[in-house]
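Participant: As input, take input35.txt (compact mmCIF, C-alpha atoms):
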```txt
# COMPACT_ATOMS: atom_id res chain seq x y z
CA MET A 585 62.53 35.81 19.65
CA ALA A 586 61.69 37.77 22.78
CA VAL A 587 58.21 39.23 23.04
CA ASP A 588 57.96 42.90 23.87
CA PRO A 589 56.06 43.02 27.20
CA LYS A 590 53.94 45.95 26.05
CA HIS A 591 52.45 43.71 23.34
CA ALA A 592 51.88 40.77 25.65
CA SER A 593 49.35 42.26 28.04
CA VAL A 594 46.46 44.66 28.34
CA ASN A 595 46.53 47.01 31.32
CA GLY A 596 49.15 44.72 32.84
CA ARG A 597 47.00 41.61 32.39
CA LYS A 598 48.00 38.78 30.09
CA ARG A 599 44.91 37.61 28.19
CA SER A 600 46.42 34.23 27.45
CA GLN A 601 46.90 33.39 31.12
CA ARG A 602 43.23 33.60 32.16
CA PRO A 603 39.91 32.71 30.57
CA GLN A 604 38.17 35.52 28.74
CA LYS A 605 35.06 36.95 30.34
CA SER A 606 31.73 36.25 28.68
CA HIS A 607 29.45 39.06 27.54
CA HIS A 608 27.15 38.17 30.45
CA GLU A 609 29.98 38.81 32.93
CA VAL A 610 30.86 42.12 31.30
CA ALA A 611 27.17 43.13 31.31
CA ASP A 612 26.89 42.16 35.00
CA GLU A 613 29.82 44.41 35.94
CA LEU A 614 28.55 47.38 33.93
CA ARG A 615 25.02 46.87 35.25
CA ALA A 616 26.35 46.96 38.81
CA ARG A 617 28.16 50.25 38.09
CA ILE A 618 24.99 51.79 36.69
CA ARG A 619 22.82 50.67 39.58
CA SER A 620 25.37 51.82 42.16
CA GLY A 621 25.61 55.26 40.58
CA THR A 622 29.26 54.88 39.54
CA LEU A 623 27.95 55.40 36.01
CA ARG A 624 25.30 58.12 36.28
CA ALA A 625 22.10 58.64 34.28
CA GLY A 626 22.89 60.54 31.09
CA GLN A 627 26.64 59.90 31.35
CA ARG A 628 28.51 58.73 28.27
CA MET A 629 30.08 55.30 28.56
CA PRO A 630 33.78 54.67 27.89
CA THR A 631 34.52 53.69 24.31
CA GLN A 632 34.20 50.05 23.33
CA ALA A 633 37.97 49.93 22.83
CA ARG A 634 38.59 51.14 26.39
CA LEU A 635 36.09 48.67 27.83
CA ALA A 636 37.66 45.84 25.82
CA ASP A 637 41.08 46.76 27.24
CA GLU A 638 39.72 47.02 30.78
CA PHE A 639 38.00 43.64 30.73
CA GLY A 640 40.62 41.92 28.58
CA VAL A 641 38.10 40.84 25.94
CA GLU A 642 37.44 41.37 22.26
CA ARG A 643 35.29 44.31 21.18
CA GLY A 644 32.57 41.93 19.98
CA VAL A 645 32.09 40.71 23.56
CA VAL A 646 31.75 44.32 24.74
CA ARG A 647 29.22 45.12 22.00
CA GLN A 648 27.15 42.09 22.92
CA ALA A 649 27.17 43.16 26.59
CA LEU A 650 26.11 46.69 25.68
CA TYR A 651 23.22 45.41 23.58
CA VAL A 652 22.03 43.35 26.55
CA LEU A 653 22.02 46.48 28.73
CA GLN A 654 20.22 48.43 26.03
CA ALA A 655 17.52 45.74 25.95
CA GLU A 656 17.15 46.30 29.71
CA HIS A 657 16.74 50.07 29.15
CA LEU A 658 19.95 50.85 31.02
CA LEU A 659 21.81 52.18 27.96
CA THR A 660 20.88 54.12 24.83
CA ASN A 661 22.55 54.73 21.45
CA VAL A 662 24.48 51.47 21.49
CA SER A 663 23.92 51.00 17.78
CA LYS A 664 25.54 54.34 16.90
CA GLY A 665 29.21 55.00 16.26
CA SER A 666 29.69 57.20 19.31
CA PRO A 667 29.96 55.69 22.81
CA ALA A 668 26.72 54.52 24.40
CA THR A 669 24.95 56.65 26.99
CA VAL A 670 23.54 55.60 30.34
CA ALA A 671 19.77 55.93 30.04
CA PRO A 672 18.48 59.32 31.27
CA ASP A 673 15.53 57.57 32.95
CA LEU A 674 16.75 54.55 34.87
CA GLY A 675 13.36 53.81 36.38
CA ALA A 676 12.63 50.98 33.98
CA GLY A 677 16.07 49.48 34.39
CA ARG A 678 16.01 49.68 38.17
CA ALA A 679 12.66 47.88 38.18
CA LEU A 680 14.40 44.75 36.93
CA ASN A 681 14.93 42.02 39.41
CA GLY A 682 18.08 40.01 39.86
CA THR A 683 17.02 37.25 37.46
CA GLY A 684 16.94 39.34 34.28
CA ALA A 685 14.86 41.84 32.38
CA ALA A 686 11.18 42.50 32.92
CA PRO A 687 8.77 41.14 30.29
CA GLN A 688 8.10 43.47 27.37
CA PRO A 689 6.06 43.30 24.14
CA THR A 690 7.73 41.33 21.37
CA THR A 691 8.16 44.41 19.18
CA VAL A 692 10.13 46.11 21.99
CA ALA A 693 12.18 43.27 23.45
CA LEU A 694 13.10 40.98 20.58
CA GLY A 695 15.05 43.37 18.33
CA PRO A 696 17.73 44.42 20.86
CA ARG A 697 18.18 40.82 22.03
CA ILE A 698 18.73 39.55 18.51
CA ALA A 699 21.08 42.46 17.73
CA ALA A 700 23.09 41.46 20.81
CA ALA A 701 23.15 37.86 19.59
CA PHE A 702 24.59 39.00 16.24
CA ALA A 703 27.68 40.31 18.04
CA ALA A 704 28.81 36.71 18.58
CA PRO A 705 31.17 35.06 16.05
CA HIS A 706 28.69 32.19 15.61
CA VAL A 707 25.06 33.33 15.71
CA GLU A 708 22.49 30.63 16.50
CA ILE A 709 18.78 31.49 16.47
CA ASP A 710 15.98 28.96 16.93
CA ALA A 711 12.36 30.09 16.70
CA LEU A 712 8.99 28.43 17.19
CA CYS A 713 6.07 30.60 16.12
CA LEU A 714 2.82 30.86 14.15
CA THR A 715 4.46 32.96 11.43
CA SER A 716 7.87 34.64 11.32
CA VAL A 717 6.52 38.21 11.30
CA SER A 718 8.05 39.19 14.65
CA LEU A 719 11.34 37.49 13.82
CA ASN A 720 11.55 39.36 10.52
CA LEU A 721 10.97 42.69 12.21
CA ALA A 722 13.44 41.98 15.01
CA ILE A 723 16.28 40.63 12.90
CA GLY A 724 16.44 43.85 10.91
CA GLU A 725 18.54 45.66 13.53
CA GLY A 726 21.19 42.95 13.52
CA LEU A 727 21.33 43.05 9.72
CA ARG A 728 21.68 46.83 9.75
CA GLN A 729 24.57 46.56 12.18
CA ILE A 730 26.31 44.09 9.86
CA HIS A 731 25.79 46.26 6.78
CA ALA A 732 27.09 49.28 8.72
CA GLY A 733 30.28 47.36 9.54
CA ARG A 734 29.69 47.37 13.32
CA LEU A 735 29.08 43.62 13.56
CA ASN A 736 30.83 40.86 11.64
CA PRO A 737 29.81 37.32 12.62
CA ALA A 738 31.54 34.49 10.81
CA LYS A 739 28.57 32.12 10.81
CA VAL A 740 24.78 32.40 11.19
CA ASP A 741 22.50 29.40 11.75
CA VAL A 742 18.74 29.96 11.93
CA ARG A 743 16.11 27.25 12.47
CA VAL A 744 12.38 27.99 12.42
CA LEU A 745 9.47 25.74 13.38
CA LEU A 746 6.10 26.75 11.88
CA PRO A 747 2.71 25.03 11.62
CA GLY A 748 2.29 22.76 8.61
CA ARG A 749 0.12 23.89 5.73
CA ASP A 750 -2.40 21.05 5.84
CA ILE A 751 -3.26 20.97 9.55
CA ASP A 752 -6.52 22.25 11.06
CA LEU A 753 -5.34 25.45 12.68
CA ALA A 754 -6.60 26.24 16.17
CA PHE A 755 -6.27 29.93 15.22
CA PRO A 756 -6.86 32.06 13.26
CA VAL A 757 -10.36 30.66 12.72
CA PRO A 758 -13.81 32.20 12.15
CA VAL A 759 -15.84 32.71 15.31
CA GLU A 760 -18.81 30.94 13.72
CA GLY A 761 -16.75 27.77 13.53
CA ARG A 762 -17.43 27.23 9.85
CA ASP A 763 -14.82 25.78 7.53
CA ASP A 764 -13.46 28.85 5.77
CA ASP A 765 -10.63 28.22 3.31
CA ALA A 766 -10.07 31.94 2.86
CA VAL A 767 -8.88 32.36 6.47
CA HIS A 768 -6.50 29.43 6.20
CA GLU A 769 -5.17 30.53 2.82
CA ARG A 770 -4.55 34.05 4.11
CA TRP A 771 -2.53 32.68 7.05
CA LEU A 772 -0.64 30.30 4.74
CA ALA A 773 0.25 33.11 2.34
CA GLN A 774 1.57 35.20 5.24
CA ARG A 775 3.57 32.26 6.66
CA ASN A 776 5.19 31.58 3.30
CA ALA A 777 5.87 35.23 2.41
CA GLN A 778 7.43 36.06 5.77
CA GLY A 779 9.55 32.92 5.69
CA GLN A 780 10.79 33.71 2.19
CA VAL A 781 11.71 37.27 3.17
CA LEU A 782 13.57 36.03 6.25
CA LYS A 783 15.48 33.46 4.22
CA HIS A 784 16.34 35.94 1.45
CA ASN A 785 17.59 38.65 3.84
CA LEU A 786 19.81 36.23 5.74
CA LEU A 787 21.22 34.37 2.75
CA ALA A 788 22.10 37.71 1.15
CA LEU A 789 24.82 38.02 3.81
CA ARG A 790 26.77 35.32 1.97
CA ALA A 791 27.17 37.49 -1.11
CA THR A 792 27.57 40.86 0.62
CA HIS A 793 29.80 39.88 3.55
CA GLY A 794 31.01 36.33 2.96
CA ILE A 795 29.19 35.08 6.07
CA ASP A 796 28.44 31.35 6.30
CA VAL A 797 24.63 31.40 6.57
CA HIS A 798 22.21 28.49 6.95
CA VAL A 799 18.43 28.92 7.26
CA SER A 800 16.13 25.92 7.80
CA PHE A 801 12.37 25.55 8.24
CA ARG A 802 10.37 22.58 9.47
CA ALA A 803 6.62 22.07 9.81
CA LEU A 804 4.78 21.22 13.02
CA PRO A 805 1.65 19.03 13.05
CA PHE A 806 -0.07 21.40 15.52
CA THR A 807 -0.76 25.08 16.20
CA PRO A 808 1.73 26.35 18.80
CA PRO A 809 -0.04 28.12 21.70
CA VAL A 810 3.24 29.84 22.60
CA LYS A 811 6.20 31.40 20.81
CA LEU A 812 9.81 30.74 21.70
CA TYR A 813 13.12 32.26 20.60
CA LEU A 814 16.47 30.71 21.56
CA LEU A 815 19.58 32.85 21.08
CA ASN A 816 23.15 31.54 20.95
CA GLY A 817 22.40 28.76 23.39
CA THR A 818 22.31 31.22 26.29
CA GLU A 819 18.94 33.00 26.13
CA ALA A 820 15.32 31.95 25.83
CA LEU A 821 12.49 34.39 25.11
CA PHE A 822 9.03 32.97 25.75
CA ALA A 823 5.54 34.39 25.10
CA TYR A 824 1.92 33.25 25.08
CA TYR A 825 -0.34 33.68 22.08
CA THR A 826 -3.36 35.31 23.71
CA LEU A 827 -6.49 34.93 21.59
CA THR A 828 -8.91 37.78 20.99
CA ARG A 829 -12.10 38.15 19.02
CA ARG A 830 -11.74 40.71 16.24
CA LYS A 831 -13.06 41.61 12.82
CA GLN A 832 -10.94 41.13 9.73
CA GLN A 833 -11.63 41.79 6.08
CA ILE A 834 -10.75 38.77 3.95
CA ASP A 835 -11.59 38.60 0.25
CA HIS A 836 -13.88 41.64 0.59
CA GLU A 837 -15.84 39.95 3.38
CA HIS A 838 -15.79 41.09 7.00
CA LEU A 839 -15.33 38.10 9.27
CA GLU A 840 -15.09 37.75 13.03
CA LEU A 841 -12.05 35.70 13.95
CA TYR A 842 -10.39 34.19 16.95
CA ASP A 843 -6.80 35.28 16.45
CA SER A 844 -3.70 36.54 18.24
CA GLU A 845 -1.46 39.57 17.68
CA GLY A 846 1.90 37.87 18.06
CA THR A 847 3.86 41.11 17.79
CA ARG A 848 2.16 42.34 20.97
CA SER A 849 2.74 39.18 23.01
CA MET A 850 4.73 39.81 26.19
CA LEU A 851 8.16 38.18 26.00
CA PHE A 852 9.58 36.70 29.19
CA PRO A 853 13.42 36.57 29.04
CA PHE A 854 15.53 33.83 30.61
CA GLU A 855 19.35 33.76 30.60
CA GLN A 856 21.66 30.86 31.25
CA GLY A 857 23.78 31.49 34.33
CA VAL A 858 21.31 33.94 35.89
CA GLY A 859 20.03 31.72 38.67
CA LEU A 860 18.93 28.10 38.66
CA ARG A 861 15.43 28.87 37.36
CA ASP A 862 16.68 30.76 34.28
CA THR A 863 19.43 28.26 33.51
CA THR A 864 17.06 25.31 33.75
CA PHE A 865 14.45 27.02 31.57
CA VAL A 866 17.01 27.75 28.84
CA GLU A 867 18.35 24.19 28.91
CA GLN A 868 14.90 22.58 28.87
CA SER A 869 13.73 24.91 26.10
CA HIS A 870 16.63 23.75 23.92
CA LEU A 871 15.84 20.11 24.66
CA TRP A 872 12.17 20.70 23.79
CA PHE A 873 12.94 22.53 20.54
CA ASN A 874 15.48 19.94 19.41
CA ALA A 875 13.06 17.12 20.20
CA LEU A 876 10.35 18.70 18.04
CA TRP A 877 12.86 19.39 15.27
CA GLU A 878 14.19 15.83 15.20
CA THR A 879 10.96 13.85 15.74
CA ILE A 880 7.44 14.93 14.75
CA SER A 881 8.26 17.92 12.52
CA SER A 882 8.59 17.48 8.76
CA GLU A 883 10.09 19.25 5.78
CA LEU A 884 8.52 22.62 5.05
CA ALA A 885 8.39 24.15 1.59
CA LEU A 886 7.63 27.88 1.54
CA THR A 887 5.24 27.61 -1.38
CA SER A 888 1.51 27.90 -1.81
```
Now that the file is in, can you turn its structure into structure tokens?

Facilitator:
Amino acid sequence: MAVDPKHASVNGRKRSQRPQKSHHEVADELRARIRSGTLRAGQRMPTQARLADEFGVERGVVRQALYVLQAEHLLTNVSKGSPATVAPDLGAGRALNGTGAAPQPTTVALGPRIAAAFAAPHVEIDALCLTSVSLNLAIGEGLRQIHAGRLNPAKVDVRVLLPGRDIDLAFPVPVEGRDDDAVHERWLAQRNAQGQVLKHNLLALRATHGIDVHVSFRALPFTPPVKLYLLNGTEALFAYYTLTRRKQQIDHEHLELYDSEGTRSMLFPFEQGVGLRDTTFVEQSHLWFNALWETISSELALTS
């Protein structure tokens, strides 16, 4: 049977005769248009359908590219039903260098990046952290997009490395250096509660949307001095846990602790394909995470 030519191509281009662009390539082209002024500050973007036709890709690829540009402060309103808008103030976006986005606090940077990752058919998230507080906060946007019907991944795999319950934590610890079970038990309760919430929210996607979801936790025999998030094999977000001395009320007692506010840690983004440095960092970060997962980590039960 003959194929009607109008159904065989998009804008005169046959998708089957050339490899589909990645979301990074689409983001690169749109970023160049914004920086050159072709797309002006405050201007509404073309619809996702029009962009998908122009680039010869699926809408999910376009959405993922738009989320990347939103994370770089070049676009706004990507998560809404109407077309995205070029950011009114492009100062932050233009401050980015050619190797990716500028570092931002975890609470600012992680959510948009994870939402962009959820636009892929197979979502893969690996995290190494002290607790999963930041991950829980950040993953909420991606879940909202799924429940709103704007994203529809087929599979979600999440792996999380956390400190084991029985190790001597480097932090949080009392400044006086005494052995205080209350501090450790408070951290352990937070680790377990946040992990359980993360697991529940993700596994709920099986029942509500039929998504194939797998969530795994393993325990590290040390306190990680850094936090690391790996997204879909193409991005690595890295931050230092910077210790401070602060007072905290625990069991009705005010204690001075050495601790870190992980949600405020500055995340440094690296993307595969954006220069040799970024590509190497992403690849080595995956090797490092997998090595920890497969060797010295152990099973982790999210119980007290």

Participant: Find, counting only C-alpha atoms, the residue in A:Ser620, A:Thr631, A:Ser881, A:Asn661 that gets nearest to Pro805 (chain A).

Facilitator: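 Ranking A:Ser620, A:Thr631, A:Ser881, A:Asn661 by distance to Pro805 (chain A), first place goes to A:Ser881.
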
Participant: CA of Pro758 (chain A) and CA of Leu804 (chain A), how far apart in Å?

Facilitator: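 That distance, rounded to one decimal, is 21.6 Å.
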
Participant: Hey, can you check how far CA of Phe702 (chain A) sits from CA of Ile618 (chain A)?

Facilitator: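 Between these atoms lies a distance of 24.1 Å.
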
Participant: Which is closer to Tyr824 (chain A) than all the others in A:Ala738, A:Leu787, A:Val866, A:Cys713, using only C-alpha atoms?

Facilitator: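 Closest to Tyr824 (chain A), using only C-alpha atoms: A:Cys713.
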
Participant: Check the smallest atom-to-atom distance from each of A:Glu638, A:Asp835, A:Glu819, A:Glu855 to Asp764 (chain A) using only C-alpha atoms, then report the winner.

Facilitator: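 Closest to Asp764 (chain A) of all the choices is A:Asp835.
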
Participant: I need the residue nearest Thr818 (chain A) from this list: A:Arg624, A:His836, A:Arg770, A:His870. Use all atoms listed in the file for the distance.

Facilitator: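 For Thr818 (chain A), the nearest of the candidates is A:His870.
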
Participant: Separation of CA of Asp710 (chain A) and CA of Glu845 (chain A), in Å?

Facilitator: 20.4 Å

Participant: Tell me which protein, DNA and RNA residues are within 9 Å of region 827-831 of chain A, counting all atoms listed in the file, leaving out same-chain ones fewer than 3 positions away, and put them as a list of chain:residue names.

Facilitator: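 Listing them by chain and then by number gives A:Phe755, A:Pro756, A:Val759, A:His838, A:Leu839, A:Glu840, A:Leu841, A:Tyr842, A:Asp843, A:Ser844, A:Glu845.
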
Participant: Using all atoms listed in the file, which protein or nucleic acid residues come within 9 Å of region 767-769 of chain A? Drop anything in the same chain fewer than 5 positions from it, and give the result as a ChimeraX atom specification.

Facilitator: /A:749,752-753,756-758,774,834,841,888

Participant: Which residue gives the smallest distance to Trp872 (chain A) among A:Gly640, A:Leu814, A:Leu886, A:His731, with all atoms listed in the file counted?

Facilitator: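 Looking only at the distances to Trp872 (chain A), the closest residue turns out to be A:Leu814.
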